[in-house]
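Source file: structure-v7.csv; contents: CSV, C-alpha atoms.
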```
chain,number,residue,atom,x,y,z
A,1,MET,CA,18.9,2.7,-28.6
A,2,ALA,CA,18.4,-1.0,-28.0
A,3,HIS,CA,22.1,-1.6,-28.4
A,4,LEU,CA,22.9,1.1,-25.8
A,5,ASP,CA,20.2,-0.4,-23.5
A,6,ALA,CA,21.8,-3.8,-23.7
A,7,GLU,CA,25.3,-2.3,-23.1
A,8,VAL,CA,24.1,-0.6,-20.0
A,9,PHE,CA,22.3,-3.7,-18.8
A,10,LEU,CA,25.4,-5.9,-19.3
A,11,TRP,CA,27.6,-3.4,-17.5
A,12,LEU,CA,25.3,-3.3,-14.5
A,13,ASN,CA,24.7,-7.0,-14.4
A,14,GLY,CA,28.4,-7.5,-14.7
A,15,TRP,CA,28.8,-6.3,-11.1
A,16,VAL,CA,27.0,-9.3,-9.7
A,17,GLY,CA,29.3,-11.5,-7.7
A,18,ARG,CA,31.8,-8.7,-6.9
A,19,PHE,CA,30.4,-7.6,-3.6
A,20,ALA,CA,28.5,-10.4,-1.7
A,21,TRP,CA,26.6,-7.9,0.5
A,22,VAL,CA,25.3,-6.0,-2.6
A,23,ASP,CA,24.0,-9.3,-4.1
A,24,VAL,CA,22.2,-10.2,-0.8
A,25,LEU,CA,20.6,-6.8,-0.6
A,26,MET,CA,19.5,-6.9,-4.3
A,27,ARG,CA,18.1,-10.4,-3.8
A,28,LEU,CA,16.0,-9.0,-1.0
A,29,VAL,CA,14.9,-5.8,-2.8
A,30,VAL,CA,14.2,-7.4,-6.2
A,31,GLY,CA,11.7,-9.8,-4.8
A,32,ASP,CA,7.9,-9.7,-5.3
A,33,TYR,CA,7.1,-9.0,-1.7
A,34,LEU,CA,9.4,-6.6,0.2
A,35,VAL,CA,8.9,-3.3,-1.7
A,36,PRO,CA,5.3,-3.8,-2.8
A,37,VAL,CA,4.3,-4.7,0.7
A,38,LEU,CA,6.3,-1.9,2.2
A,39,LEU,CA,4.7,0.6,-0.2
A,40,SER,CA,1.2,-0.7,0.5
A,41,LEU,CA,1.7,-0.6,4.2
A,42,VAL,CA,2.9,3.0,3.9
A,43,LEU,CA,-0.4,3.8,2.2
A,44,PHE,CA,-2.3,1.9,4.8
A,45,GLY,CA,-0.6,3.7,7.6
A,46,LEU,CA,-1.1,7.2,6.0
A,47,TRP,CA,-4.8,6.5,5.7
A,48,PHE,CA,-5.1,6.2,9.5
A,49,GLY,CA,-2.2,8.3,10.7
A,50,ALA,CA,-2.9,12.0,10.8
A,51,ARG,CA,-2.9,14.5,13.6
A,52,ASP,CA,-5.8,16.8,12.6
A,53,PRO,CA,-8.8,16.7,10.2
A,54,GLN,CA,-7.1,18.8,7.5
A,55,GLN,CA,-4.0,16.6,7.4
A,56,ARG,CA,-6.2,13.5,7.4
A,57,THR,CA,-8.2,14.7,4.4
A,58,ARG,CA,-5.0,15.6,2.5
A,59,LEU,CA,-3.4,12.3,3.2
A,60,GLN,CA,-6.4,10.3,2.4
A,61,TYR,CA,-6.7,12.0,-1.0
A,62,ALA,CA,-3.1,11.3,-1.6
A,63,VAL,CA,-3.5,7.6,-0.6
A,64,ALA,CA,-6.5,7.3,-2.9
A,65,ALA,CA,-4.6,8.8,-5.8
A,66,ALA,CA,-1.7,6.4,-5.2
A,67,ALA,CA,-3.9,3.4,-4.9
A,68,ILE,CA,-5.9,4.2,-8.0
A,69,SER,CA,-2.7,4.9,-9.9
A,70,LEU,CA,-1.3,1.5,-8.8
A,71,ALA,CA,-4.4,-0.2,-10.1
A,72,LEU,CA,-4.5,1.7,-13.4
A,73,VAL,CA,-0.8,1.2,-14.1
A,74,ASN,CA,-1.3,-2.5,-13.8
A,75,LEU,CA,-4.1,-2.3,-16.4
A,76,TRP,CA,-1.9,-0.2,-18.8
A,77,ILE,CA,0.9,-2.7,-18.6
A,78,SER,CA,-1.5,-5.6,-19.2
A,79,LEU,CA,-2.8,-3.8,-22.3
A,80,ILE,CA,0.7,-3.0,-23.5
A,81,ASN,CA,1.8,-6.6,-23.0
A,82,ASP,CA,-1.1,-7.7,-25.2
A,83,VAL,CA,0.3,-5.9,-28.2
A,84,TYR,CA,4.0,-5.8,-27.5
A,85,PHE,CA,6.4,-8.5,-26.1
A,86,ARG,CA,10.0,-7.8,-25.3
A,87,PRO,CA,12.0,-10.9,-24.4
A,88,ARG,CA,13.8,-10.8,-21.0
A,89,PRO,CA,17.5,-10.1,-21.2
A,90,PHE,CA,18.5,-13.5,-19.8
A,91,THR,CA,17.0,-15.1,-22.9
A,92,GLN,CA,19.3,-13.2,-25.2
A,93,TYR,CA,22.5,-12.7,-23.2
A,94,GLU,CA,24.7,-14.6,-20.8
A,95,VAL,CA,23.5,-13.1,-17.5
A,96,ASP,CA,24.1,-13.6,-13.8
A,97,LEU,CA,20.6,-14.1,-12.6
A,98,LEU,CA,19.8,-13.2,-9.0
A,99,PHE,CA,16.0,-13.8,-9.4
A,100,TYR,CA,13.8,-16.5,-10.9
A,101,ALA,CA,13.3,-16.3,-14.7
A,102,PRO,CA,10.0,-14.5,-15.4
A,103,THR,CA,8.1,-15.4,-18.5
A,104,ASP,CA,6.1,-12.2,-19.1
A,105,SER,CA,7.3,-9.3,-21.2
A,106,SER,CA,10.2,-7.3,-20.0
A,107,PHE,CA,8.9,-3.9,-21.3
A,108,PRO,CA,7.7,-1.9,-19.5
A,109,ALA,CA,8.9,-3.0,-16.0
A,110,ASN,CA,5.8,-3.6,-13.9
A,111,PRO,CA,7.6,-3.4,-10.5
A,112,ALA,CA,9.1,0.0,-11.5
A,113,ALA,CA,5.7,1.2,-12.7
A,114,ILE,CA,3.8,0.4,-9.5
A,115,ALA,CA,6.6,1.8,-7.2
A,116,PHE,CA,6.8,5.0,-9.1
A,117,ALA,CA,3.0,5.3,-9.3
A,118,VAL,CA,2.8,5.1,-5.5
A,119,ALA,CA,5.6,7.6,-5.0
A,120,ALA,CA,4.2,10.1,-7.5
A,121,GLY,CA,0.7,9.7,-6.1
A,122,LEU,CA,1.9,10.7,-2.7
A,123,TRP,CA,4.4,13.3,-3.9
A,124,GLY,CA,1.8,15.9,-4.6
A,125,SER,CA,0.7,15.9,-0.9
A,126,VAL,CA,3.5,14.5,1.1
A,127,ARG,CA,6.7,15.8,-0.4
A,128,ARG,CA,9.3,14.4,2.0
A,129,LEU,CA,7.8,10.9,2.2
A,130,GLY,CA,7.1,11.0,-1.6
A,131,GLY,CA,10.8,11.8,-2.1
A,132,VAL,CA,11.9,8.9,0.1
A,133,LEU,CA,9.5,6.6,-1.9
A,134,PHE,CA,11.0,7.8,-5.2
A,135,GLY,CA,14.3,6.7,-3.8
A,136,VAL,CA,12.8,3.3,-2.9
A,137,ALA,CA,11.2,3.0,-6.4
A,138,ALA,CA,14.5,3.9,-8.0
A,139,LEU,CA,16.3,1.2,-6.0
A,140,TYR,CA,13.6,-1.3,-6.9
A,141,GLY,CA,14.0,-0.5,-10.5
A,142,PHE,CA,17.8,-0.7,-10.3
A,143,SER,CA,17.6,-4.1,-8.6
A,144,ARG,CA,15.6,-5.5,-11.5
A,145,VAL,CA,18.4,-4.6,-13.9
A,146,TYR,CA,21.2,-5.6,-11.5
A,147,ALA,CA,19.4,-9.0,-10.9
A,148,GLY,CA,19.3,-9.6,-14.7
A,149,VAL,CA,15.5,-9.6,-15.3
A,150,ALA,CA,14.9,-6.2,-17.0
A,151,TYR,CA,16.7,-3.8,-19.3
A,152,PRO,CA,17.3,-0.2,-18.1
A,153,LEU,CA,14.9,1.1,-20.7
A,154,ASP,CA,12.1,-1.2,-19.3
A,155,VAL,CA,12.6,0.4,-15.9
A,156,VAL,CA,12.7,3.9,-17.2
A,157,ALA,CA,9.5,3.3,-19.3
A,158,GLY,CA,7.8,1.7,-16.3
A,159,GLY,CA,8.7,4.6,-14.0
A,160,LEU,CA,7.5,7.2,-16.5
A,161,LEU,CA,4.3,5.3,-17.0
A,162,GLY,CA,3.7,5.2,-13.2
A,163,ILE,CA,4.5,8.9,-12.8
A,164,VAL,CA,2.3,10.0,-15.7
A,165,THR,CA,-0.6,7.8,-14.5
A,166,ALA,CA,-0.3,9.3,-10.9
A,167,TYR,CA,-0.3,12.8,-12.3
A,168,LEU,CA,-3.4,12.1,-14.4
A,169,VAL,CA,-5.2,10.4,-11.6
A,170,ARG,CA,-4.6,13.4,-9.3
A,171,ARG,CA,-6.0,15.7,-12.0
A,172,ALA,CA,-8.9,13.4,-12.6
A,173,LEU,CA,-9.7,13.3,-8.8
A,174,ALA,CA,-9.8,17.1,-8.8
A,175,LEU,CA,-12.0,17.2,-11.8
A,176,LEU,CA,-14.4,14.6,-10.4
A,177,GLU,CA,-15.2,16.7,-7.3
A,178,PRO,CA,-17.5,16.5,-5.4
A,179,ALA,CA,-17.7,12.7,-6.0
A,180,PRO,CA,-14.4,11.9,-4.1
A,181,THR,CA,-15.6,14.0,-1.2
A,182,TYR,CA,-18.9,12.1,-1.1
A,183,CYS,CA,-17.0,8.8,-1.1
A,184,LEU,CA,-14.9,10.1,1.8
A,185,ARG,CA,-17.9,11.2,3.6
A,186,LEU,CA,-19.5,7.8,3.3
A,187,LEU,CA,-16.3,6.2,4.6
A,188,ARG,CA,-16.3,8.7,7.5
A,189,PHE,CA,-19.8,7.7,8.4
A,190,LEU,CA,-18.5,4.1,8.7
A,191,CYS,CA,-15.5,5.3,10.7
A,192,LEU,CA,-13.2,4.0,7.9
A,193,ALA,CA,-11.8,7.4,6.9
B,14,MET,CA,-3.6,-22.0,-0.8
B,15,ASN,CA,0.0,-23.1,-0.5
B,16,ASP,CA,2.4,-22.6,2.5
B,17,LEU,CA,3.8,-19.3,1.1
B,18,ALA,CA,0.4,-17.9,0.6
B,19,ARG,CA,-0.6,-18.7,4.2
B,20,GLU,CA,2.6,-17.2,5.5
B,21,TYR,CA,2.2,-14.1,3.3
B,22,LEU,CA,-1.4,-13.6,4.6
B,23,ALA,CA,-0.2,-14.0,8.2
B,24,PHE,CA,2.6,-11.5,7.6
B,25,VAL,CA,0.3,-8.9,6.0
B,26,PHE,CA,-2.2,-9.3,8.8
B,27,LEU,CA,0.3,-8.9,11.6
B,28,ALA,CA,2.2,-6.1,9.8
B,29,ALA,CA,-1.1,-4.2,9.1
B,30,LEU,CA,-2.2,-4.7,12.7
B,31,GLY,CA,1.1,-3.2,13.8
B,32,VAL,CA,0.9,-0.3,11.4
B,33,LEU,CA,-2.6,0.5,12.4
B,34,GLN,CA,-1.6,0.6,16.1
B,35,ALA,CA,1.4,2.8,15.3
B,36,ALA,CA,-0.8,5.1,13.1
B,37,ALA,CA,-3.6,5.3,15.7
B,38,ALA,CA,-1.0,6.1,18.5
B,39,TYR,CA,0.6,8.8,16.3
B,40,GLY,CA,-2.8,10.4,15.4
B,41,GLY,CA,-4.2,10.2,19.0
B,42,LEU,CA,-7.0,7.8,18.1
B,43,GLU,CA,-7.2,6.4,21.6
B,44,GLY,CA,-10.4,4.5,20.8
B,45,LEU,CA,-8.4,2.3,18.4
B,46,LEU,CA,-5.6,1.4,20.8
B,47,LEU,CA,-5.2,-2.0,22.2
B,48,LEU,CA,-3.0,-0.8,25.1
B,49,PRO,CA,-3.9,1.9,27.6
B,50,SER,CA,-0.8,4.1,26.8
B,51,ARG,CA,-0.3,5.7,23.5
B,52,ARG,CA,3.4,5.2,23.6
B,53,ALA,CA,3.2,1.6,24.5
B,54,ALA,CA,0.6,1.0,21.7
B,55,GLY,CA,2.9,2.8,19.2
B,56,LEU,CA,5.9,0.7,20.3
B,57,LEU,CA,3.8,-2.5,20.1
B,58,GLY,CA,2.7,-1.6,16.6
B,59,LEU,CA,6.2,-0.8,15.3
B,60,SER,CA,7.6,-4.0,16.9
B,61,LEU,CA,4.8,-6.1,15.4
B,62,ALA,CA,5.3,-4.7,11.9
B,63,VAL,CA,9.1,-5.1,12.0
B,64,ALA,CA,9.0,-8.6,13.7
B,65,SER,CA,6.4,-9.9,11.2
B,66,CYS,CA,8.6,-8.6,8.3
B,67,ILE,CA,11.7,-10.4,9.7
B,68,TRP,CA,9.7,-13.6,10.4
B,69,PHE,CA,8.4,-13.7,6.8
B,70,PHE,CA,11.7,-13.0,5.0
B,71,ALA,CA,13.9,-15.1,7.3
B,72,ARG,CA,11.8,-18.3,6.8
B,73,GLY,CA,13.4,-19.1,3.5
B,74,ASN,CA,13.7,-18.2,-0.2
B,75,ARG,CA,10.7,-16.0,-1.2
B,76,ASN,CA,11.8,-15.5,-4.8
B,77,LEU,CA,9.6,-18.2,-6.4
B,78,PRO,CA,7.7,-18.0,-9.7
B,79,ASP,CA,4.0,-18.5,-9.4
B,80,THR,CA,4.4,-21.7,-11.4
B,81,ASN,CA,6.5,-23.2,-8.7
B,82,GLY,CA,5.1,-22.3,-5.2
B,83,GLY,CA,5.1,-18.5,-5.6
B,84,ILE,CA,2.0,-16.2,-5.6
B,85,ALA,CA,0.7,-14.6,-8.7
B,86,GLY,CA,0.3,-10.8,-8.8
B,87,ALA,CA,-3.5,-10.7,-8.6
B,88,GLN,CA,-3.5,-13.2,-5.8
B,89,GLN,CA,-0.9,-11.2,-3.9
B,90,PHE,CA,-3.1,-8.2,-4.2
B,91,GLY,CA,-6.1,-10.2,-3.0
B,92,TYR,CA,-4.3,-11.6,0.0
B,93,PHE,CA,-3.0,-8.2,0.9
B,94,ALA,CA,-6.5,-6.8,0.8
B,95,VAL,CA,-7.8,-9.6,3.0
B,96,GLY,CA,-5.0,-9.3,5.5
B,97,CYS,CA,-5.5,-5.5,5.9
B,98,ALA,CA,-9.3,-5.9,6.1
B,99,ALA,CA,-8.9,-8.6,8.8
B,100,ALA,CA,-6.4,-6.3,10.7
B,101,VAL,CA,-8.9,-3.4,10.6
B,102,ALA,CA,-11.8,-5.7,11.7
B,103,VAL,CA,-9.9,-7.2,14.6
B,104,THR,CA,-8.6,-3.9,15.7
B,105,TYR,CA,-12.1,-2.3,15.6
B,106,LEU,CA,-13.7,-5.1,17.5
B,107,LEU,CA,-11.0,-5.6,20.1
B,108,SER,CA,-10.4,-1.9,20.7
B,109,SER,CA,-14.2,-1.4,21.1
B,110,LEU,CA,-14.3,-4.1,23.8
B,111,LEU,CA,-11.1,-3.0,25.6
B,112,ASN,CA,-11.9,0.7,25.6
B,113,ALA,CA,-15.7,0.6,26.2
B,114,SER,CA,-15.3,1.7,29.8
B,115,ARG,CA,-12.8,4.5,29.3
B,116,SER,CA,-14.3,6.3,26.4
B,117,ARG,CA,-15.4,9.9,26.7
B,118,PRO,CA,-18.8,11.1,25.5
B,119,PRO,CA,-19.3,11.6,21.8
B,120,VAL,CA,-18.6,15.0,20.1
B,121,HIS,CA,-20.0,15.3,16.6
B,122,PRO,CA,-21.6,12.6,14.5
B,123,GLY,CA,-20.2,11.7,11.1
B,124,GLU,CA,-16.7,13.0,11.7
B,125,GLY,CA,-15.0,9.7,10.9
B,126,LEU,CA,-11.8,8.6,12.4
B,127,GLU,CA,-11.5,11.9,14.4
B,128,ALA,CA,-14.4,10.6,16.6
B,129,LEU,CA,-12.1,7.7,17.7
B,130,ALA,CA,-10.0,10.1,19.7
B,131,GLY,CA,-12.6,10.0,22.4
B,132,SER,CA,-14.9,7.0,21.7
B,133,THR,CA,-14.7,3.5,20.3
B,134,VAL,CA,-15.7,2.4,16.8
B,135,LEU,CA,-18.9,0.8,18.0
B,136,GLN,CA,-19.9,3.9,20.0
B,137,ALA,CA,-19.1,6.2,17.0
B,138,LEU,CA,-21.0,3.9,14.6
B,139,GLY,CA,-24.0,3.7,16.9
B,140,ARG,CA,-24.0,7.5,17.2
B,141,ASN,CA,-23.7,8.0,13.4
B,142,LEU,CA,-26.6,5.6,12.8
B,143,ALA,CA,-28.8,7.3,15.5
B,144,TRP,CA,-28.0,10.7,14.0
B,145,SER,CA,-28.8,9.6,10.4
B,146,ARG,CA,-32.0,7.9,11.6
B,147,GLU,CA,-33.1,11.1,13.3
B,148,ARG,CA,-32.3,13.1,10.2
B,149,TRP,CA,-34.3,10.7,8.0
B,150,LEU,CA,-37.3,10.8,10.4
B,151,THR,CA,-37.2,14.6,10.3
B,152,TRP,CA,-37.1,14.6,6.5
B,153,MET,CA,-40.0,12.2,6.4
B,154,ARG,CA,-42.1,14.3,8.8
B,155,LYS,CA,-41.4,17.4,6.8
B,156,SER,CA,-42.1,15.7,3.4
B,157,PHE,CA,-45.3,13.9,4.4
B,158,SER,CA,-47.0,16.2,6.9
B,159,GLY,CA,-49.9,18.4,6.0
```
Output the file's structure in the form of structure tokens.
Amino acid sequence: MAHLDAEVFLWLNGWVGRFAWVDVLMRLVVGDYLVPVLLSLVLFGLWFGARDPQQRTRLQYAVAAAAISLALVNLWISLINDVYFRPRPFTQYEVDLLFYAPTDSSFPANPAAIAFAVAAGLWGSVRRLGGVLFGVAALYGFSRVYAGVAYPLDVVAGGLLGIVTAYLVRRALALLEPAPTYCLRLLRFLCLA
Amino acid sequence: MNDLAREYLAFVFLAALGVLQAAAAYGGLEGLLLLPSRRAAGLLGLSLAVASCIWFFARGNRNLPDTNGGIAGAQQFGYFAVGCAAAVAVTYLLSSLLNASRSRPPVHPGEGLEALAGSTVLQALGRNLAWSRERWLTWMRKSFSG
């Protein structure tokens, strides 16, 4: 499995330098800012942008699920990294690096986990947008492999972790009723929801 | 706070301000708009969000490790939260001042953002506080009389 993972990684990273525009795009996408800020701004916009009270409530539950998933997935990854460390591919192979060399564990890929957690958190309520964000998350994960900082398996594991976390958070929110409704009511009183 | 952090904070603040205007225009929350027309406010919001994004990413290489001028993950989250909170606070305050004269009378207390379709944040908050005070006084009267 690890051998296959490395083979796929080397094949994908081997495309670096062949098409200059792809490299420029990947350099932009792989960064720490573009996709995380874009996803967070989507959540921020959805919180305020609804046309009727029913839609607003549905969107705000979805945003809450995505935001809680995002926080939890970071916690899971921090716990996993405490017990398991996988070296980055550029420390083991000759790699064309399009990004700086991170020093933390490669497995599971944190960027993929957060992006998939947000997409999956919204997917239950906002199908079309959730689908678009799954595409963005997949591109973000791909860019990590292409840029030479993560193995494909790291991205897949991160993505699965994000999706499972979002699913559990949505279930937990439903089980915790009426607490989420009371929180929303308090925020409504303050004109924040 | 280094240069990148300052620029990141400014970027998030401006982008969040823009997104909030676009979302308010889309949702018909006229009490939150900074321009008289919904369409103009929506366009302003989108332009602000896109322009701030271009400004931030065109200023130089942003792929820096946190050990060499970059921003650590937790700090990034903190700056994002501060930028968004500042955008909400500025929008709430400015829109309350700008729209004070053209707001319609309140509808129902405690309805949250829906109230901002016809009134400003300060008006809606004042109404909510008055309503809860009234309810509290009624409850006290009931509980402690005779």
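Here the question is which of A:Trp76, A:Tyr100, A:Phe107, A:Trp15 gets nearest to chain B using only C-alpha atoms, and that residue is A:Tyr100.
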Give me, as number ranges by chain, all polymer residues having an atom no more than 12 Å from Leu41 of chain A, counting all atoms listed in the file and skipping those fewer than 6 positions away in the same chain. A: 33-35, 47-49, 63, 67, 118; B: 24-33, 35-36, 59, 62-63, 66, 93-94, 96-97, 100
d(atom CA of Gly121 of chain A, atom CA of Gly41 of chain B) in Å: 25.6 Å
Report as a PyMOL selection string all protein, DNA and RNA residues lying within 12 Å of Leu133 of chain A, evaluated on only C-alpha atoms, omitting residues in the same chain fewer than 4 positions from it. chain A and resi 35-36+38-40+42-43+66+112+114-123+126-129+137-140
Could the residues of chain B within 7 Å of chain A, counting only C-alpha atoms, be given as a tab-separated table (two decimals) with C-alpha atoms, keeping the file's coordinate frame, please?
```tsv
chain	number	residue	atom	x	y	z
B	29	ALA	CA	-1.10	-4.20	9.10
B	32	VAL	CA	0.90	-0.30	11.40
B	33	LEU	CA	-2.60	0.50	12.40
B	36	ALA	CA	-0.80	5.10	13.10
B	37	ALA	CA	-3.60	5.30	15.70
B	39	TYR	CA	0.60	8.80	16.30
B	40	GLY	CA	-2.80	10.40	15.40
B	76	ASN	CA	11.80	-15.50	-4.80
B	77	LEU	CA	9.60	-18.20	-6.40
B	78	PRO	CA	7.70	-18.00	-9.70
B	123	GLY	CA	-20.20	11.70	11.10
B	124	GLU	CA	-16.70	13.00	11.70
B	125	GLY	CA	-15.00	9.70	10.90
B	126	LEU	CA	-11.80	8.60	12.40
B	127	GLU	CA	-11.50	11.90	14.40
B	134	VAL	CA	-15.70	2.40	16.80
B	138	LEU	CA	-21.00	3.90	14.60
B	141	ASN	CA	-23.70	8.00	13.40
```
What is the distance between atom CA of Pro108 of chain A and atom CA of Asn74 of chain B, in Å to one decimal?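 So the answer is 26.0 Å.
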Identify, on the basis of all atoms listed in the file, every residue whose closest approach to segment 104-113 of chain B does not exceed 6 Å; exclude the query and any residue fewer than 2 positions from it along the same chain; express the result as a ChimeraX atom specification. /B:45-47,100-102,115-116,133-134
Filtering to C-alpha atoms, could you give me those residues as a CSV table (one decimal), keeping the file's coordinate frame?
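Once written, part-v5.csv looks like this:
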```csv
chain,number,residue,atom,x,y,z
B,45,LEU,CA,-8.4,2.3,18.4
B,46,LEU,CA,-5.6,1.4,20.8
B,47,LEU,CA,-5.2,-2.0,22.2
B,100,ALA,CA,-6.4,-6.3,10.7
B,101,VAL,CA,-8.9,-3.4,10.6
B,102,ALA,CA,-11.8,-5.7,11.7
B,115,ARG,CA,-12.8,4.5,29.3
B,116,SER,CA,-14.3,6.3,26.4
B,133,THR,CA,-14.7,3.5,20.3
B,134,VAL,CA,-15.7,2.4,16.8
```
Could you tell me how far atom CA of Leu176 of chain A sits from atom CA of Leu160 of chain A, in Å to one decimal place?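 Computing it gives 23.9 Å between the two atoms.
Compared by their closest atoms to Leu17 of chain B, and using all atoms listed in the file, the residues B:Gly44, B:Gly83, B:Pro49, B:Gly73 rank with B:Gly83 nearest.
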Nearest residue to Val29 of chain A from the set A:Val73, A:Ala64, A:Leu79, A:Val136 (distances using all atoms listed in the file): A:Val136
Given the choices A:Tyr151, A:Tyr61, A:Phe19, A:Phe134, which gets closest to Ala6 of chain A if the distance is worked out from all atoms listed in the file?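 Distance minimum relative to Ala6 of chain A lands on A:Tyr151.
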Counting only C-alpha atoms, which of B:Phe90, B:Glu20, B:Leu48, B:Gly55 gets nearest to Leu70 of chain A? B:Phe90
